[in-house]
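Participant: So here's work_38.tsv (TSV, C-alpha atoms).
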```tsv
chain	number	residue	atom	x	y	z
A	1	MET	CA	-7.12	11.94	-7.87
A	2	PRO	CA	-9.01	8.66	-8.38
A	3	VAL	CA	-8.98	7.38	-4.81
A	4	LEU	CA	-10.87	4.21	-5.78
A	5	ASN	CA	-8.06	3.22	-8.15
A	6	LEU	CA	-5.47	3.71	-5.42
A	7	MET	CA	-7.46	1.70	-2.91
A	8	LEU	CA	-7.97	-1.21	-5.32
A	9	ILE	CA	-4.27	-1.26	-6.18
A	10	GLY	CA	-3.40	-1.04	-2.47
A	11	VAL	CA	-5.54	-4.08	-1.68
A	12	ALA	CA	-3.96	-6.00	-4.56
A	13	VAL	CA	-0.45	-5.16	-3.35
A	14	ALA	CA	-1.28	-6.21	0.21
A	15	LEU	CA	-2.74	-9.55	-0.89
A	16	ASP	CA	-0.21	-10.50	-3.55
A	17	PRO	CA	0.89	-14.01	-2.52
A	18	LEU	CA	4.40	-13.87	-3.98
A	19	PRO	CA	5.87	-11.36	-1.48
A	20	LEU	CA	3.65	-12.67	1.31
A	21	THR	CA	5.33	-16.08	1.15
A	22	PRO	CA	8.83	-14.79	2.02
A	23	PHE	CA	7.38	-12.68	4.83
A	24	LEU	CA	5.74	-15.81	6.23
A	25	ILE	CA	9.20	-17.37	6.30
A	26	VAL	CA	10.88	-14.39	7.94
A	27	LEU	CA	8.27	-13.72	10.64
A	28	PRO	CA	8.23	-17.19	12.33
A	29	SER	CA	12.06	-17.39	12.32
A	30	ARG	CA	14.31	-16.71	15.31
A	31	ARG	CA	13.84	-13.08	16.47
A	32	GLY	CA	11.23	-12.98	13.74
A	33	THR	CA	9.20	-10.10	15.12
A	34	ILE	CA	12.25	-7.80	14.96
A	35	LYS	CA	13.06	-8.90	11.43
A	36	GLY	CA	9.38	-8.70	10.52
A	37	ALA	CA	9.21	-5.12	11.80
A	38	ALA	CA	12.29	-4.26	9.73
A	39	PHE	CA	10.68	-5.90	6.68
A	40	VAL	CA	7.46	-3.90	7.16
A	41	PHE	CA	9.47	-0.70	7.63
A	42	GLY	CA	11.38	-1.32	4.40
A	43	TRP	CA	8.11	-2.10	2.62
A	44	LEU	CA	6.48	1.14	3.83
A	45	VAL	CA	9.53	3.28	3.10
A	46	SER	CA	9.74	1.89	-0.43
A	47	LEU	CA	6.08	2.75	-1.07
A	48	ALA	CA	6.55	6.22	0.40
A	49	ILE	CA	9.60	6.84	-1.79
A	50	VAL	CA	7.67	5.88	-4.93
A	51	VAL	CA	4.82	8.23	-3.98
A	52	THR	CA	7.20	11.07	-3.06
A	53	VAL	CA	9.26	10.74	-6.23
A	54	THR	CA	6.10	10.68	-8.35
A	55	ILE	CA	4.71	13.81	-6.68
A	56	ALA	CA	8.10	15.52	-7.04
A	57	ALA	CA	8.26	14.57	-10.73
A	58	THR	CA	4.95	16.32	-11.39
A	59	GLY	CA	5.92	19.29	-9.21
A	60	ASN	CA	2.67	18.71	-7.28
A	61	ASN	CA	0.94	19.92	-10.42
A	62	PRO	CA	-0.87	16.98	-12.04
A	63	PRO	CA	-1.31	17.12	-15.81
A	64	LYS	CA	-4.61	18.43	-17.07
A	65	PRO	CA	-7.00	15.97	-18.74
A	66	ALA	CA	-6.57	15.31	-22.47
A	67	THR	CA	-2.98	16.64	-22.46
A	68	VAL	CA	0.01	14.61	-23.60
A	69	PRO	CA	1.30	13.88	-20.05
A	70	SER	CA	-2.18	12.86	-18.89
A	71	LEU	CA	-2.68	10.57	-21.88
A	72	ALA	CA	0.79	9.11	-21.37
A	73	ALA	CA	-0.08	8.21	-17.76
A	74	LEU	CA	-3.29	6.54	-18.93
A	75	ALA	CA	-1.40	4.68	-21.66
A	76	ILE	CA	1.02	3.38	-19.02
A	77	LYS	CA	-1.88	2.15	-16.91
A	78	ILE	CA	-3.39	0.39	-19.94
A	79	ALA	CA	-0.03	-1.26	-20.67
A	80	LEU	CA	0.32	-2.39	-17.05
A	81	GLY	CA	-3.26	-3.69	-17.14
A	82	VAL	CA	-2.40	-5.73	-20.22
A	83	VAL	CA	0.68	-7.11	-18.44
A	84	LEU	CA	-1.48	-8.18	-15.49
A	85	VAL	CA	-3.98	-9.90	-17.77
A	86	MET	CA	-1.11	-11.70	-19.53
A	87	ILE	CA	0.25	-12.82	-16.15
A	88	ALA	CA	-3.18	-14.22	-15.29
A	89	LEU	CA	-3.44	-16.04	-18.63
A	90	ARG	CA	0.03	-17.51	-18.19
A	91	HIS	CA	-0.94	-18.91	-14.80
A	92	ILE	CA	-4.21	-20.26	-16.21
A	93	ARG	CA	-2.34	-22.14	-18.94
A	94	ALA	CA	0.20	-23.49	-16.43
A	95	ARG	CA	-2.34	-24.70	-13.85
A	96	ASN	CA	-2.64	-28.25	-15.17
A	97	LYS	CA	1.01	-28.66	-16.08
A	98	PRO	CA	3.47	-30.31	-13.68
A	99	LYS	CA	5.69	-27.77	-12.00
A	100	PRO	CA	9.38	-28.47	-11.50
A	101	PRO	CA	10.53	-28.12	-7.87
A	102	ARG	CA	11.82	-24.66	-7.12
A	103	LYS	CA	15.12	-24.19	-5.39
A	104	PRO	CA	14.61	-21.90	-2.40
A	105	PRO	CA	16.60	-18.64	-2.47
A	106	LYS	CA	19.88	-18.62	-0.59
A	107	TRP	CA	18.67	-16.12	2.01
A	108	GLN	CA	15.98	-18.60	3.08
A	109	GLU	CA	18.63	-21.12	4.15
A	110	HIS	CA	19.99	-18.60	6.67
A	111	VAL	CA	16.73	-16.98	7.71
A	112	ASP	CA	17.32	-17.63	11.44
A	113	ASN	CA	20.60	-15.70	11.26
A	114	MET	CA	19.23	-12.97	9.00
A	115	SER	CA	19.88	-9.45	10.25
A	116	PRO	CA	17.05	-6.89	10.51
A	117	TRP	CA	18.94	-4.74	8.00
A	118	PHE	CA	18.81	-7.54	5.44
A	119	ALA	CA	15.10	-8.03	6.10
A	120	MET	CA	14.50	-4.30	5.61
A	121	LEU	CA	16.36	-4.29	2.28
A	122	LEU	CA	14.69	-7.54	1.20
A	123	ALA	CA	11.20	-6.04	1.31
A	124	PRO	CA	11.51	-3.61	-1.67
A	125	THR	CA	13.01	-6.32	-3.88
A	126	LEU	CA	9.93	-8.50	-3.33
A	127	GLN	CA	7.26	-5.89	-4.01
A	128	PRO	CA	4.93	-6.49	-7.00
A	129	TRP	CA	6.39	-3.75	-9.16
A	130	VAL	CA	3.76	-3.99	-11.88
A	131	LEU	CA	1.13	-3.06	-9.30
A	132	ILE	CA	3.43	-0.46	-7.72
A	133	GLY	CA	3.89	1.05	-11.19
A	134	ALA	CA	0.13	1.20	-11.64
A	135	GLY	CA	-0.10	2.98	-8.29
A	136	ALA	CA	2.57	5.46	-9.35
A	137	ALA	CA	0.75	6.14	-12.63
A	138	THR	CA	-2.35	6.90	-10.56
A	139	VAL	CA	-0.44	9.12	-8.12
A	140	VAL	CA	0.58	11.25	-11.14
A	141	GLU	CA	-2.94	12.67	-10.94
A	142	ALA	CA	-2.54	13.66	-7.27
A	143	LYS	CA	-2.23	17.24	-6.02
A	144	LEU	CA	-1.39	17.67	-2.36
A	145	SER	CA	-3.56	20.68	-1.64
A	146	SER	CA	-5.76	19.45	1.21
A	147	TRP	CA	-5.72	17.06	4.13
A	148	GLU	CA	-7.95	14.71	2.15
A	149	SER	CA	-5.28	14.27	-0.55
A	150	PHE	CA	-2.58	13.62	2.06
A	151	LEU	CA	-4.90	11.14	3.78
A	152	ALA	CA	-5.61	9.33	0.50
A	153	LEU	CA	-1.90	8.81	-0.24
A	154	PHE	CA	-1.18	7.82	3.36
A	155	GLY	CA	-4.12	5.41	3.23
A	156	TYR	CA	-2.77	3.87	0.03
A	157	CYS	CA	0.62	3.17	1.63
A	158	VAL	CA	-0.97	1.72	4.77
A	159	LEU	CA	-3.51	-0.34	2.82
A	160	ALA	CA	-0.77	-1.76	0.58
A	161	SER	CA	1.02	-2.85	3.77
A	162	ALA	CA	-2.05	-3.92	5.75
A	163	SER	CA	-1.52	-7.68	5.57
A	164	TYR	CA	2.09	-7.35	6.73
A	165	LEU	CA	1.20	-4.92	9.50
A	166	ALA	CA	-1.61	-7.18	10.72
A	167	MET	CA	0.60	-10.28	10.86
A	168	GLU	CA	3.43	-8.38	12.55
A	169	ILE	CA	1.12	-6.96	15.21
A	170	TYR	CA	-0.48	-10.35	15.84
A	171	ALA	CA	2.95	-11.99	16.15
A	172	VAL	CA	3.98	-9.40	18.75
A	173	VAL	CA	0.73	-9.54	20.74
A	174	ARG	CA	0.15	-13.32	20.49
A	175	PRO	CA	3.57	-14.87	19.88
A	176	SER	CA	2.65	-18.47	20.74
A	177	GLN	CA	-0.62	-18.55	18.83
A	178	SER	CA	0.85	-16.74	15.84
A	179	GLN	CA	3.24	-19.58	14.96
A	180	ALA	CA	0.41	-22.00	14.24
A	181	LEU	CA	-1.65	-19.38	12.43
A	182	LEU	CA	1.25	-18.30	10.23
A	183	ALA	CA	1.99	-21.94	9.37
A	184	ARG	CA	-1.63	-22.51	8.32
A	185	PHE	CA	-1.68	-19.30	6.33
A	186	ARG	CA	1.54	-20.22	4.54
A	187	THR	CA	0.12	-23.65	3.67
A	188	TRP	CA	-3.01	-22.01	2.29
A	189	ILE	CA	-0.98	-19.59	0.17
A	190	ASP	CA	1.26	-22.38	-1.13
A	191	THR	CA	-1.82	-24.27	-2.38
A	192	HIS	CA	-3.76	-21.24	-3.68
A	193	THR	CA	-1.06	-18.98	-5.13
A	194	ASP	CA	-2.13	-19.50	-8.74
A	195	GLN	CA	-5.80	-18.87	-7.99
A	196	VAL	CA	-5.07	-15.66	-6.09
A	197	ILE	CA	-2.75	-14.37	-8.81
A	198	ILE	CA	-5.26	-15.20	-11.55
A	199	VAL	CA	-8.23	-13.55	-9.84
A	200	GLY	CA	-6.28	-10.52	-8.63
A	201	SER	CA	-4.47	-9.93	-11.91
A	202	LEU	CA	-7.66	-10.21	-13.97
A	203	ILE	CA	-9.64	-7.86	-11.71
A	204	ILE	CA	-6.96	-5.17	-11.48
A	205	GLY	CA	-5.81	-5.62	-15.07
A	206	PHE	CA	-9.26	-5.25	-16.63
A	207	TRP	CA	-10.11	-2.40	-14.26
A	208	LEU	CA	-6.99	-0.45	-15.26
A	209	ILE	CA	-7.67	-1.02	-18.95
A	210	ALA	CA	-11.37	-0.18	-18.83
A	211	ASN	CA	-11.03	2.83	-16.53
A	212	SER	CA	-8.17	4.31	-18.52
A	213	ILE	CA	-9.94	3.85	-21.86
A	214	TYR	CA	-13.05	5.48	-20.39
A	215	LEU	CA	-11.02	8.50	-19.26
A	216	ILE	CA	-9.41	8.78	-22.70
A	217	VAL	CA	-12.65	8.76	-24.67
A	218	THR	CA	-14.65	11.02	-22.34
```
Starting from the coordinates I provided, produce the structure as structure tokens.

Facilitator:
Amino acid sequence: MPVLNLMLIGVAVALDPLPLTPFLIVLPSRRGTIKGAAFVFGWLVSLAIVVTVTIAATGNNPPKPATVPSLAALAIKIALGVVLVMIALRHIRARNKPKPPRKPPKWQEHVDNMSPWFAMLLAPTLQPWVLIGAGAATVVEAKLSSWESFLALFGYCVLASASYLAMEIYAVVRPSQSQALLARFRTWIDTHTDQVIIVGSLIIGFWLIANSIYLIVT
């Protein structure tokens, strides 16, 4: 199992600014640490389900190299890499164009009264599913036969949730200081979303394409 691929994808998932923005709205709200914990739990459970379903689909028996299933998984990763590059290019073209004001989602208007259950169910809907799909296509190559393989998959789920876990823990440990920090972080994300998406999408997209092509031709 290519652990490096999983770790890179995990970092990209954790730093994707689009789901981070809603979390930065939920966490500072009333009873935000409880709702934040529910959000993180839903995020982790969703990742674990994807990994578990993928392992179950392969029967814990990853396809051998140069076989049709193996090539299909690599083709999926190439396609997802192309999608990420196209996302980056779209954001590059749109950088200098005026953006119409976005209407906030309805749940944001009632964030103070949001239930933890809603926060938990909100998390999976906000995940970057192109990156999650790339992670699943990588997990296809996993075989749970040693503690190292279990640790790698566990590490992927934790790494992909690291930013959310860190903010949640900080908000619990330092509630007063966290409000100001979260506000500054949200402001930074609001002004740098395009740059983060462009850089992240290009790095992960080209890596998926190049690494998959290399595995196909060797």

Participant: Using only C-alpha atoms and a cutoff of 10 Å, can you tell me which residues are near (-0.5, 14.9, -14.9) in the file's coordinates, and write them out as a list in words?

Facilitator: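 Residues with an atom close enough to that point: Ile55, Ala57, Thr58, Gly59, Asn60, Asn61, Pro62, Pro63, Lys64, Pro65, Ala66, Thr67, Val68, Pro69, Ser70, Leu71, Ala72, Ala73, Leu74, Ala137, Thr138, Val139, Val140, Glu141, Ala142 and Lys143 of chain A.
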
Participant: What does the structure give for the distance between CA of Pro105 (chain A) and CA of Gly10 (chain A), in Å to one decimal?

Facilitator: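 That distance, rounded to one decimal, is 26.6 Å.
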
Participant: For Leu159 (chain A), list every protein, DNA or RNA residue within 10 Å, evaluated using only C-alpha atoms, and leave out those in the same chain fewer than 5 positions away; present the list as an MDAnalysis selection string.

Facilitator: chainID A and resid 6:15 153:154 164:165

Participant: Figure out the distance between CA of Phe185 (chain A) and CA of Cys157 (chain A), please, to one decimal in Å.

Facilitator: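 Value for the CA of Cys157 (chain A)-CA of Phe185 (chain A) distance: 23.1 Å.
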
Participant: Rounded to one decimal in Å, what is the spacing between CA of Ile49 (chain A) and CA of Pro116 (chain A)?

Facilitator: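 Separation of CA of Ile49 (chain A) and CA of Pro116 (chain A): 19.9 Å.
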
Participant: Taking into account only C-alpha atoms, which residue in the set A:Leu121, A:Lys106, A:Thr191, A:Leu182 is nearest to Glu168 (chain A)?

Facilitator: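 Looking at the shortest contact to Glu168 (chain A), the residue is A:Leu182.
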
Participant: With distances taken over all atoms listed in the file, which of A:Arg31, A:His192, A:Lys99, A:Arg174 is nearest to Asp16 (chain A)?

Facilitator: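 Ranking A:Arg31, A:His192, A:Lys99, A:Arg174 by distance to Asp16 (chain A), first place goes to A:His192.
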
Participant: Using all atoms listed in the file, which residues sit within 10 Å of region 80-84 of chain A once same-chain residues fewer than 2 positions away are excluded, as a PyMOL selection string?

Facilitator: chain A and resi 74-78+86-90+130-131+133-134+137+197-198+200-210+212

Participant: For a quick check of understanding, using all atoms listed in the file, which of A:Leu47, A:Leu215, A:Arg95, A:Gly36 has the smallest distance to Val158 (chain A)?

Facilitator: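 Counting all atoms listed in the file, the residue closest to Val158 (chain A) is A:Leu47.
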
Participant: Determine the nearest neighbour of Ser163 (chain A) from the options A:Pro17, A:Gly135, A:Pro2, A:Pro124, counting all atoms listed in the file.

Facilitator: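 So, comparing all the options, the nearest one is A:Pro17.
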
Participant: Need the shell around Thr187 (chain A): protein/DNA/RNA residues with any atom at most 12 Å away, counting all atoms listed in the file. Skip same-chain ones fewer than 6 positions apart. Format as a PyMOL selection string?

Facilitator: chain A and resi 17+20-21+24-25+180-181+193

Participant: From the list A:Phe39, A:Trp188, A:Tyr170, A:Trp147, which residue is nearest Ser115 (chain A) when using all atoms listed in the file?

Facilitator: A:Phe39

Participant: Out of A:Pro28, A:Lys103, A:Ser149, A:Ala48, which residue has the shortest atom-to-atom distance to Arg184 (chain A) when counting only C-alpha atoms?

Facilitator: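 Going through A:Pro28, A:Lys103, A:Ser149, A:Ala48 one by one, the smallest distance to Arg184 (chain A) is for A:Pro28.
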
Participant: Which neighbours of Ala171 (chain A) fall inside 9 Å, counting only C-alpha atoms, when residues of the same chain fewer than 4 positions from it are skipped, and could you give them as a ChimeraX atom specification?

Facilitator: /A:27-28,32-33,166-167,175-179,182

Participant: Would you mind listing what lies within 7 Å of Asp112 (chain A) as a list of chain:residue names, with all atoms listed in the file counted and same-chain residues fewer than 2 positions away left out?

Facilitator: A:Ser29, A:Arg30, A:His110, A:Met114
